[in-house]
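Visitor: After the structure tokens below, expect a handful of questions from me.
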Amino acid sequence: MQRNATTTIIEEYEKQCGLYSAFTEKIEKLTIELIKENGLRVHSITSRVKTRDSLKAKVAASERQFSKISDVPDVSGIRIITYFDSDVDSVAKVIEKEFDVDREHSVDKRKLLDPDRFGYLSLHYVVRLPASRLQLTEYKRFAKCQAEIQIRSILQHAWAEIEHDLGYKGKYAVPSEIRRRFSRLAGLLEIADTEFGQIRDSLQEYERTVSQQIIDAPASVLINKGSLLSFVKSNPLVHEIDNKIASIAGGSRIIEDEGFISRQVDKLHYVGLKSIADLNSSLTESREIVVAFAKLWFDRKYKTLNASICLVYLLYVLVARKKSVTGAYNYLKAFDIGPPEDRKIVAKELISTYSKACV
């Protein structure tokens, strides 16, 4: 009977493969949008449709009795890889809220795992689109489709992929001494997964409290990503100089880019600014020359500017102030600024522009 069902399901698959491909693409895009809307960051979201051979093997081997293709839960598959183990549950809440979850056939493998293994710690949901979405024209044709959504951390994913590549499946698949090595490694990975999450939480707590430290004792606050972000967001002088540079550019819009701000950290240390107090003092002292330099140097084609653009010009001013072409060249080289073949020319132009700005 299962053999006949397999034939029926494969025939349905061949007729509906296009439907399932479209459904999988829709679910992937929808999941990406939902993750973003809920303010979550994940490493990746990928999808796949089972191949004909894979589907045939699954139906033939499964203990469940499938009579039609819509009974098979994972013809469409979505995999969400989070950065941290703690984010698995955050993503799970979004999935449970936005989809109809088949509780009977969904499984949290984290709760089934033997305590001595890190293993395949995925959370698996079997889902359908909710009635509210099926009323929309773009989703109506997917009423009978379901998908399996797997959620796991990047370290859990690494384990599963390596485990699969090694062919290590089942408790007695390899000799006991190698199983012990797997167990030791599993413990290390589980500790690492937990530690990464705790480090993330500690960094977030630091970023919440550093703004007060900057007010109370700026000399004791070293420049790092968290302290620089806090300084840039709250310091009125930074905003003033940024706005003047935007005005030079014809009213360019200022946008916040944490990545851009954090990339200035090593540069500030390179020129000798170690603490927030050092940075504030240097910016206060050089505020006029920074604006004058930017006016001479700035390319007016930019329609948007990153918040903290003033730091870029402060760095140029501090480098050019020493009037050393070699020093300016080394700065450009150290941070891979501009084409290598142009750096000596740019180094000379930095010093020349600085001299003109000082007049």
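Labels used: A, B, ... for chains in the order of the structure tokens, numbers from 1 for residues in each chain, and numbers from 1 for ligands as shown.
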Can you tell me, as a PyMOL selection string, which residues in stretch 17-265 of chain A count as alpha helix (DSSP H) by DSSP?
Guide: chain A and resi 17-37+52-61+86-98+131-134+154-166+176-216+225-234+236-248+258-262+265
Visitor: Generate the output file for the selected residues, C-alpha atoms, as a compact mmCIF listing (two decimals), in the first residue's frame.
Guide:
```txt
# COMPACT_ATOMS: atom_id res chain seq x y z
CA CYS A 17 6.85 20.77 -8.58
CA GLY A 18 6.44 24.29 -9.93
CA LEU A 19 3.81 25.07 -7.29
CA TYR A 20 6.09 23.90 -4.49
CA SER A 21 9.03 25.83 -5.90
CA ALA A 22 6.93 29.01 -5.93
CA PHE A 23 5.62 28.26 -2.44
CA THR A 24 9.13 27.71 -1.08
CA GLU A 25 10.33 30.99 -2.58
CA LYS A 26 7.36 32.84 -1.07
CA ILE A 27 7.92 31.35 2.38
CA GLU A 28 11.63 32.19 2.28
CA LYS A 29 10.96 35.83 1.33
CA LEU A 30 8.17 36.11 3.89
CA THR A 31 10.40 34.68 6.63
CA ILE A 32 13.19 37.15 5.79
CA GLU A 33 10.72 40.05 6.01
CA LEU A 34 9.25 38.83 9.31
CA ILE A 35 12.69 38.41 10.89
CA LYS A 36 13.63 41.98 9.89
CA GLU A 37 10.30 43.44 11.01
CA ARG A 52 12.22 13.64 -6.78
CA ASP A 53 14.65 10.96 -5.56
CA SER A 54 14.83 12.41 -2.06
CA LEU A 55 11.05 12.54 -1.79
CA LYS A 56 10.70 8.98 -3.05
CA ALA A 57 13.23 7.70 -0.50
CA LYS A 58 11.54 9.59 2.34
CA VAL A 59 8.06 8.30 1.57
CA ALA A 60 9.29 4.73 1.19
CA ALA A 61 11.27 4.77 4.44
CA SER A 86 19.39 32.15 22.66
CA ASP A 87 18.10 33.63 19.38
CA VAL A 88 16.59 30.29 18.36
CA ASP A 89 13.70 30.86 20.76
CA SER A 90 13.30 34.49 19.64
CA VAL A 91 12.94 33.38 16.03
CA ALA A 92 10.61 30.57 17.13
CA LYS A 93 8.20 33.10 18.66
CA VAL A 94 7.96 34.89 15.31
CA ILE A 95 7.28 31.63 13.45
CA GLU A 96 4.60 30.60 15.94
CA LYS A 97 2.93 34.00 15.70
CA GLU A 98 2.95 34.31 11.92
CA ALA A 131 -6.02 31.97 6.87
CA SER A 132 -5.37 35.72 6.97
CA ARG A 133 -2.58 35.38 4.37
CA LEU A 134 -4.41 32.79 2.25
CA ILE A 154 25.56 28.64 13.68
CA LEU A 155 27.62 26.35 15.95
CA GLN A 156 24.84 23.77 16.02
CA HIS A 157 24.73 24.01 12.24
CA ALA A 158 28.50 23.54 11.98
CA TRP A 159 28.28 20.41 14.14
CA ALA A 160 25.43 18.95 12.07
CA GLU A 161 27.20 19.63 8.77
CA ILE A 162 30.50 18.12 9.91
CA GLU A 163 28.69 15.18 11.53
CA HIS A 164 26.87 14.55 8.27
CA ASP A 165 30.09 14.78 6.24
CA LEU A 166 31.83 12.29 8.52
CA SER A 176 33.57 3.98 21.57
CA GLU A 177 36.89 5.86 21.87
CA ILE A 178 35.89 8.09 18.94
CA ARG A 179 32.43 8.60 20.45
CA ARG A 180 34.17 9.88 23.59
CA ARG A 181 36.06 12.41 21.47
CA PHE A 182 32.77 13.50 19.91
CA SER A 183 31.32 13.92 23.40
CA ARG A 184 34.25 16.06 24.57
CA LEU A 185 33.98 18.23 21.49
CA ALA A 186 30.22 18.47 21.99
CA GLY A 187 30.77 19.82 25.49
CA LEU A 188 33.21 22.46 24.21
CA LEU A 189 30.84 23.56 21.49
CA GLU A 190 27.91 23.79 23.89
CA ILE A 191 29.99 25.91 26.27
CA ALA A 192 31.11 28.09 23.34
CA ASP A 193 27.51 28.55 22.19
CA THR A 194 26.49 29.67 25.69
CA GLU A 195 29.56 31.89 26.13
CA PHE A 196 29.03 33.71 22.83
CA GLY A 197 25.50 34.53 23.92
CA GLN A 198 26.68 35.79 27.31
CA ILE A 199 29.41 37.89 25.66
CA ARG A 200 26.78 39.44 23.41
CA ASP A 201 24.63 40.24 26.46
CA SER A 202 27.60 41.75 28.30
CA LEU A 203 28.46 43.96 25.33
CA GLN A 204 24.87 45.17 25.13
CA GLU A 205 24.90 45.97 28.84
CA TYR A 206 28.18 47.86 28.40
CA GLU A 207 26.69 49.90 25.55
CA ARG A 208 23.71 50.77 27.79
CA THR A 209 25.90 52.03 30.64
CA VAL A 210 28.90 53.57 28.88
CA SER A 211 27.10 56.84 28.08
CA GLN A 212 27.00 57.69 31.78
CA GLN A 213 30.66 56.73 32.15
CA ILE A 214 31.51 59.15 29.35
CA ILE A 215 29.77 61.94 31.26
CA ASP A 216 31.30 61.04 34.62
CA LYS A 225 32.97 50.28 19.30
CA GLY A 226 30.49 50.72 22.15
CA SER A 227 31.98 53.89 23.61
CA LEU A 228 32.47 55.50 20.20
CA LEU A 229 28.88 54.77 19.17
CA SER A 230 27.63 56.32 22.39
CA PHE A 231 29.88 59.37 22.02
CA VAL A 232 28.92 59.99 18.39
CA LYS A 233 25.19 59.68 19.09
CA SER A 234 25.18 62.04 22.07
CA PRO A 236 26.65 67.95 20.26
CA LEU A 237 30.01 68.91 18.73
CA VAL A 238 29.97 65.83 16.51
CA HIS A 239 26.48 66.73 15.33
CA GLU A 240 27.49 70.36 14.74
CA ILE A 241 30.53 69.50 12.58
CA ASP A 242 28.66 66.75 10.73
CA ASN A 243 25.93 69.23 9.84
CA LYS A 244 28.46 71.78 8.60
CA ILE A 245 30.06 69.18 6.37
CA ALA A 246 26.62 68.16 5.09
CA SER A 247 25.95 71.82 4.32
CA ILE A 248 29.19 72.02 2.35
CA GLU A 258 27.11 51.61 13.03
CA GLY A 259 29.51 49.72 10.80
CA PHE A 260 30.98 52.96 9.48
CA ILE A 261 31.39 54.36 12.99
CA SER A 262 33.02 51.21 14.33
CA VAL A 265 38.02 52.86 16.14
```
Visitor: Distance atom CA of A:Ser355-atom CA of A:Ile289, one decimal place?
Guide: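 Atom-to-atom, atom CA of A:Ser355 to atom CA of A:Ile289, that is 10.0 Å.
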Visitor: One decimal, in Å: what's the spacing between atom CA of A:Asn280 and atom CA of A:Phe335?
Guide: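 Here the two named atoms are 22.5 Å from each other.
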Visitor: Hey, could you make a per-residue contact list for stretch 176-280 of chain A against stretch 322-330 of chain A with 12 Å as the cut-off, showing the nearest pair of atoms and its distance in Å to one decimal, counting only C-alpha atoms, sorted by chain and number, as a tab-separated table?
Guide:
```
residue	atom	partner	partner_atom	distance
A:Lys267	CA	A:Asn330	CA	11.8
A:Tyr270	CA	A:Asn330	CA	10.6
A:Val271	CA	A:Gly327	CA	10.3
```
Visitor: For a quick check of understanding, using only C-alpha atoms, which of A:Leu314, A:Ala277, A:Leu305, A:Thr284 has the smallest distance to A:Gly250?
Guide: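 For A:Gly250, the nearest of the candidates is A:Leu305.
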Visitor: Within stretch 132-187 of chain A, find each residue whose DSSP state, derived from the backbone, is strand (DSSP E), and express the selection as a list in words.
Guide: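 These are the residues in question: Ala147, Glu148, Ile149, Gln150, Ile151, Arg152 and Ser153 of chain A.
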Visitor: With C-alpha atoms retained, export the selected residues as an mmCIF file, in the first residue's frame.
Guide:
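Resulting contents of part.cif:
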```
data_model
loop_
_atom_site.group_PDB
_atom_site.id
_atom_site.type_symbol
_atom_site.label_atom_id
_atom_site.label_comp_id
_atom_site.auth_asym_id
_atom_site.auth_seq_id
_atom_site.Cartn_x
_atom_site.Cartn_y
_atom_site.Cartn_z
ATOM 1 C CA ALA A 147 6.785 23.597 4.855
ATOM 2 C CA GLU A 148 9.294 22.494 7.430
ATOM 3 C CA ILE A 149 11.200 25.341 9.083
ATOM 4 C CA GLN A 150 14.416 24.402 10.887
ATOM 5 C CA ILE A 151 16.005 26.835 13.339
ATOM 6 C CA ARG A 152 19.437 26.380 14.896
ATOM 7 C CA SER A 153 22.529 28.341 15.901
#
```
Visitor: Using only C-alpha atoms, which of A:Leu222, A:Ala249, A:Leu332, A:Leu311 sits nearest A:Asp278?
Guide: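 Ranked by minimum distance to A:Asp278, first place goes to A:Leu222.
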Visitor: Can you measure atom CA of A:Leu129 to atom CA of A:Thr82 for me? One decimal in Å is fine.
Guide: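 Atom CA of A:Thr82 lies 22.6 Å from atom CA of A:Leu129.
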